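Remarks on the structure that follows.
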Amino acid sequence: MDLFQQRIEELRRIINEHNHAYYVLNQPTISDAEFDALLRELEQLERDYPQWDDPLSPTKRVGSDLSQGFVHVSHTRPMLSLSNSYNIGEVTDFLRRAQDGLGGAQVEIVGEMKYDGTSISLIYRNGRLERAVTRGDGTQGDDVTANVITIRSIPLQLPDDPLRPEEIEVRGEIMLPWEQFERLNKERAFNEEPLFANPRNAAAGTLKLQNSAEVARRGLDGYFYFLLADNLPFQTHTESLDALSRWGFKTGQHTTLKSIDEVADFIAHWDTARRNLPVATDGLVFKLNNLLQQRNLGATAKSPRWAIAYKFAPEREATRLLSVSFEVGRSGVITPVANLEPVLLSGTTVRRASLHNEDVIRALDIHDHDMVYVEKGGEIIPKIVGVDIKRRAADARPLEFVKTCPVCGSELQRIEGEAAWVCPNKWGCEPQITGRIEHFVGRHAMDIDGIGEEVAIALHRAALVNDVADLYRITYDQLLALDRFQDRSARRILAGIEASKSVPFARVIFALSIPFVGETTAKNLARAVGNIDTLMAMPADQLAAIDDVGPKIAASIVDFFAVDRNRDIVERLRAAGVQMSLSDNEIANRSDRLAGLKIVISGTFAHHSREEYKAMIEDNGGKNVSSISKATTHVLAGENMGPAKLQKAQSLGIPIIDEDTFLAMLGQDKPE
Ligand code: AMP
Ligand code: ZN
């Protein structure tokens, strides 16, 4: 064997061992720096000797930003669900049924965690990961191999073992650990992106991303609990789990249990002990240990007869309601928030819970200072689910929703057909004014650095900024006169304001705080109307016909521009030099040449990035779609188009075009 090939293989083996020690055993054996040095050496060798490339090399764990699309594949064995139980009696019934089904035989049980992630099936052939597929509908799932390869605790290449059949299927749960989940949501909050409600949604969403480099960054983990193969040389489920763990998989907690009393103890222990696990669990799973017994019992159409899930009751605690604050949002909507005596729930201290709106308060019949039950069912925001009426003071009075704005005192209005109360004082109520300023300067809007909540309030209280157009009038001297600003911070804000004048029209629309107009809608509006005057004059029925708009948003846009002050703000922004139409460049690059076409992008390109191609498709009236179906009209293919995609496109007879052909369709030459 070639010396370099030998070293490459040796490095791959060593790095895999270190990955296992770090990500599965939690016992790193070398420093991060030493690990990086090994990885860099391997990367260099792989660059120099591409003939020994291996898609399962540990260097591939970082993923790439090529979108693969997901191909549907059939499961060799259906992925069933589990029947549920909620108390020890139901588990006892399950055991009795199983024993009856086995003619009264003794049974041994294995108790495991029910990991609350998204299930995955991994196929290994000759010890190499061949395919990773989501559960999908149980018979067919999505091939997410490229994303799974980035999960460092999942072995790509198994050690030799004569006991292992040539093809095995390993099933388990892909998880986003609490720590990563919280980090991700913090980032999303900062970027004004919607938060994930719980780690399960986050794991499922992450596994289906079109960008495996982003998947790699998010820090998924995998826990495995089934080994399936023809001719498995094991008699029990625990032997299977032990084999999985020898081969490098994380198998999680499991214990063999011999009696219903041991089952009860196991439940009692884990009901609280699970709170210290690094990942979310929503229950336990009990399985018969004997594989022959499993086979004899078989499965119903929905679930195996030899296993049952035990669901934990969502964590609930009683605590005292101290007071209710009524908070005013940027749109004037009043949100009641309960302030609670601090209580520990799922490992975090809860002090506040949203009460949503007046209807929710009525339905719960909350009185002042009630003892309330707080629940956290995998959701981030805890909710109040009930009241302990027995512990209510005799003279307690029903909680009153405010009639006037807690900030400006205006009489609240209730919008027809909606549960929300709104403060109508749009131009005089501070949180509404400062909320709109904060939104206007946000990263996805005008991207003006240095203006957070406190600065917005300071600018407003100094009467410098009453609406977003006033931002363009503030001067250096005015800022310095506020004691919170120094030379540098003042210059930074002014530079940001100046730079915002070239922010594209679509983001200006988004920045205006038109109710219900989000980023995507703003983009579609900009593309459809071209300039602000057309937008301001457009009747509701025409607006509603624009992609992603619809009657509710259309009405909101019409209402917004019916307000003189909003039109005035637009005029002052225009006078300040803010973009009120698509730029010449944006217009020059637009056409209807691709109208009606649905184009999938696949592979890597030489002339433009994938993002640029996507924008070109949309700017020319086409639609960029992510996966190939009968409705797809073209596949724009670069280098390294995925073989499965290629096959699918060919079998559906969809034309595959390269980038030169695509650019020619737009009447453009390829750039030199
Ligand atoms: P459900 O989706 O509520 O019907 O629960 C069944 C799912 O629980 C399975 O499809 C698995 O994805 C998941 N699960 C989590 N932990 C385990 C485990 N230890 N054994 C079997 N299934 C599990
Ligand atoms: Zn108000």
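Each chain in the structure tokens gets a letter, A, B, ..., in the order shown, and its residues are numbered from 1; ligands are numbered from 1 in order too.
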* To do: Any chance you could list, as a VMD selection string, the residues in segment 328-514 of chain A that come up helix (DSSP H, G or I) when DSSP is run on the backbone?
  => chain A and resid 358 to 364 389 to 391 430 to 441 453 to 461 468 to 473 476 to 481 487 to 502 505 to 511
* Asked: Neighbours of segment 78-92 of chain A within 6 Å (only C-alpha atoms; same-chain residues fewer than 5 positions away dropped), as a PyMOL selection string?
  -> chain A and resi 138-139+302-303+308-311
Let's have the selection written as a CSV table (one decimal), in the first residue's frame, with N, CA, C and O atoms.
```
chain,number,residue,atom,x,y,z
A,138,GLY,N,-43.5,6.4,7.9
A,138,GLY,CA,-43.3,5.1,8.4
A,138,GLY,C,-42.9,4.0,7.3
A,138,GLY,O,-42.2,3.1,7.6
A,139,THR,N,-43.4,4.3,6.1
A,139,THR,CA,-43.0,3.4,5.0
A,139,THR,C,-42.0,4.0,4.1
A,139,THR,O,-41.1,3.4,3.5
A,302,LYS,N,-49.9,-0.6,13.7
A,302,LYS,CA,-49.4,0.6,14.2
A,302,LYS,C,-48.1,0.5,15.1
A,302,LYS,O,-47.3,1.4,15.0
A,303,SER,N,-48.1,-0.6,15.9
A,303,SER,CA,-47.0,-0.6,16.9
A,303,SER,C,-46.7,-2.0,17.3
A,303,SER,O,-47.6,-2.9,17.2
A,308,ILE,N,-43.9,-0.8,24.9
A,308,ILE,CA,-44.8,0.2,25.3
A,308,ILE,C,-44.1,1.4,25.8
A,308,ILE,O,-43.1,1.4,26.4
A,309,ALA,N,-44.7,2.6,25.4
A,309,ALA,CA,-44.1,3.9,25.9
A,309,ALA,C,-44.9,4.2,27.2
A,309,ALA,O,-46.1,4.0,27.3
A,310,TYR,N,-44.2,4.8,28.1
A,310,TYR,CA,-44.8,5.3,29.3
A,310,TYR,C,-44.6,6.8,29.3
A,310,TYR,O,-43.4,7.3,29.3
A,311,LYS,N,-45.7,7.6,29.2
A,311,LYS,CA,-45.5,9.1,29.1
A,311,LYS,C,-45.5,9.8,30.4
A,311,LYS,O,-46.4,9.5,31.2
```
* Atom pair atom CA of Ile384 of chain A / atom CA of Ala353 of chain A: separation (Å) ->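 A separation of 6.8 Å between them.
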* To do: DSSP on the backbone, then: every residue of segment 455-640 of chain A marked strand (DSSP E), written as a PyMOL selection string.
  => chain A and resi 598-602+623-625+634-637
Write out, as an mmCIF file, in the first residue's frame, the residues just selected, with N, CA, C and O atoms.
```
data_model
loop_
_atom_site.group_PDB
_atom_site.id
_atom_site.type_symbol
_atom_site.label_atom_id
_atom_site.label_comp_id
_atom_site.auth_asym_id
_atom_site.auth_seq_id
_atom_site.Cartn_x
_atom_site.Cartn_y
_atom_site.Cartn_z
ATOM 1 N N LYS A 598 -40.496 26.197 -12.954
ATOM 2 C CA LYS A 598 -40.151 25.769 -11.594
ATOM 3 C C LYS A 598 -38.812 25.053 -11.679
ATOM 4 O O LYS A 598 -38.717 23.979 -12.269
ATOM 5 N N ILE A 599 -37.798 25.676 -11.105
ATOM 6 C CA ILE A 599 -36.433 25.215 -11.343
ATOM 7 C C ILE A 599 -35.785 24.738 -10.045
ATOM 8 O O ILE A 599 -35.833 25.415 -9.017
ATOM 9 N N VAL A 600 -35.174 23.556 -10.110
ATOM 10 C CA VAL A 600 -34.410 23.031 -8.978
ATOM 11 C C VAL A 600 -32.930 23.308 -9.240
ATOM 12 O O VAL A 600 -32.457 23.138 -10.361
ATOM 13 N N ILE A 601 -32.224 23.786 -8.222
ATOM 14 C CA ILE A 601 -30.788 24.018 -8.359
ATOM 15 C C ILE A 601 -30.053 22.881 -7.671
ATOM 16 O O ILE A 601 -30.383 22.515 -6.549
ATOM 17 N N SER A 602 -29.051 22.319 -8.340
ATOM 18 C CA SER A 602 -28.330 21.210 -7.724
ATOM 19 C C SER A 602 -26.858 21.254 -8.109
ATOM 20 O O SER A 602 -26.515 21.548 -9.244
ATOM 21 N N LYS A 623 -39.709 30.248 -10.421
ATOM 22 C CA LYS A 623 -39.774 29.840 -9.026
ATOM 23 C C LYS A 623 -38.653 28.857 -8.768
ATOM 24 O O LYS A 623 -38.430 27.939 -9.534
ATOM 25 N N ASN A 624 -37.910 29.101 -7.670
ATOM 26 C CA ASN A 624 -36.878 28.151 -7.282
ATOM 27 C C ASN A 624 -37.519 27.162 -6.313
ATOM 28 O O ASN A 624 -38.043 27.554 -5.287
ATOM 29 N N VAL A 625 -37.525 25.872 -6.673
ATOM 30 C CA VAL A 625 -38.103 24.877 -5.771
ATOM 31 C C VAL A 625 -36.997 23.945 -5.286
ATOM 32 O O VAL A 625 -35.962 23.809 -5.929
ATOM 33 N N HIS A 634 -37.323 22.448 -14.857
ATOM 34 C CA HIS A 634 -35.907 22.338 -15.216
ATOM 35 C C HIS A 634 -35.081 22.024 -13.977
ATOM 36 O O HIS A 634 -35.452 22.425 -12.880
ATOM 37 N N VAL A 635 -33.951 21.356 -14.210
ATOM 38 C CA VAL A 635 -32.962 21.252 -13.147
ATOM 39 C C VAL A 635 -31.726 22.001 -13.622
ATOM 40 O O VAL A 635 -31.178 21.708 -14.683
ATOM 41 N N LEU A 636 -31.337 23.017 -12.840
ATOM 42 C CA LEU A 636 -30.106 23.737 -13.140
ATOM 43 C C LEU A 636 -28.994 22.997 -12.409
ATOM 44 O O LEU A 636 -28.928 23.007 -11.180
ATOM 45 N N ALA A 637 -28.141 22.315 -13.171
ATOM 46 C CA ALA A 637 -27.173 21.416 -12.549
ATOM 47 C C ALA A 637 -25.758 21.937 -12.694
ATOM 48 O O ALA A 637 -25.342 22.356 -13.771
#
```
* Find the residues around Ile569 of chain A up to 10 Å (only C-alpha atoms counted), leave out those fewer than 2 positions away in its own chain, and share them as a ChimeraX atom specification. => /A:467-470,512,564-567,571-575
Selection to disk with N, CA and C atoms, as a compact mmCIF listing (two decimals), in the first residue's frame:
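Listing of result21.txt after writing:
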```
# COMPACT_ATOMS: atom_id res chain seq x y z
N ASP A 467 -40.74 59.60 15.31
CA ASP A 467 -41.04 58.51 14.38
C ASP A 467 -39.77 58.20 13.61
N VAL A 468 -39.81 57.13 12.82
CA VAL A 468 -38.57 56.64 12.23
C VAL A 468 -37.93 57.65 11.27
N ALA A 469 -38.74 58.53 10.67
CA ALA A 469 -38.16 59.50 9.74
C ALA A 469 -37.29 60.52 10.49
N ASP A 470 -37.61 60.76 11.76
CA ASP A 470 -36.81 61.71 12.55
C ASP A 470 -35.36 61.26 12.71
N LEU A 512 -40.96 49.53 7.69
CA LEU A 512 -42.02 50.48 8.01
C LEU A 512 -42.98 50.01 9.11
N ASP A 564 -52.50 59.57 7.36
CA ASP A 564 -51.67 60.68 6.86
C ASP A 564 -50.25 60.64 7.41
N ARG A 565 -50.15 60.35 8.71
CA ARG A 565 -48.83 60.36 9.32
C ARG A 565 -47.89 59.34 8.65
N ASN A 566 -48.43 58.17 8.28
CA ASN A 566 -47.58 57.18 7.62
C ASN A 566 -47.12 57.67 6.24
N ARG A 567 -48.03 58.33 5.51
CA ARG A 567 -47.64 58.87 4.20
C ARG A 567 -46.59 59.96 4.38
N GLU A 571 -42.77 60.27 2.92
CA GLU A 571 -42.23 61.43 2.19
C GLU A 571 -40.94 61.93 2.81
N ARG A 572 -40.91 61.96 4.15
CA ARG A 572 -39.68 62.45 4.81
C ARG A 572 -38.53 61.47 4.63
N LEU A 573 -38.83 60.17 4.63
CA LEU A 573 -37.77 59.19 4.37
C LEU A 573 -37.25 59.35 2.95
N ARG A 574 -38.17 59.58 2.01
CA ARG A 574 -37.79 59.76 0.62
C ARG A 574 -36.89 60.99 0.48
N ALA A 575 -37.30 62.07 1.15
CA ALA A 575 -36.50 63.31 1.08
C ALA A 575 -35.12 63.11 1.69
```
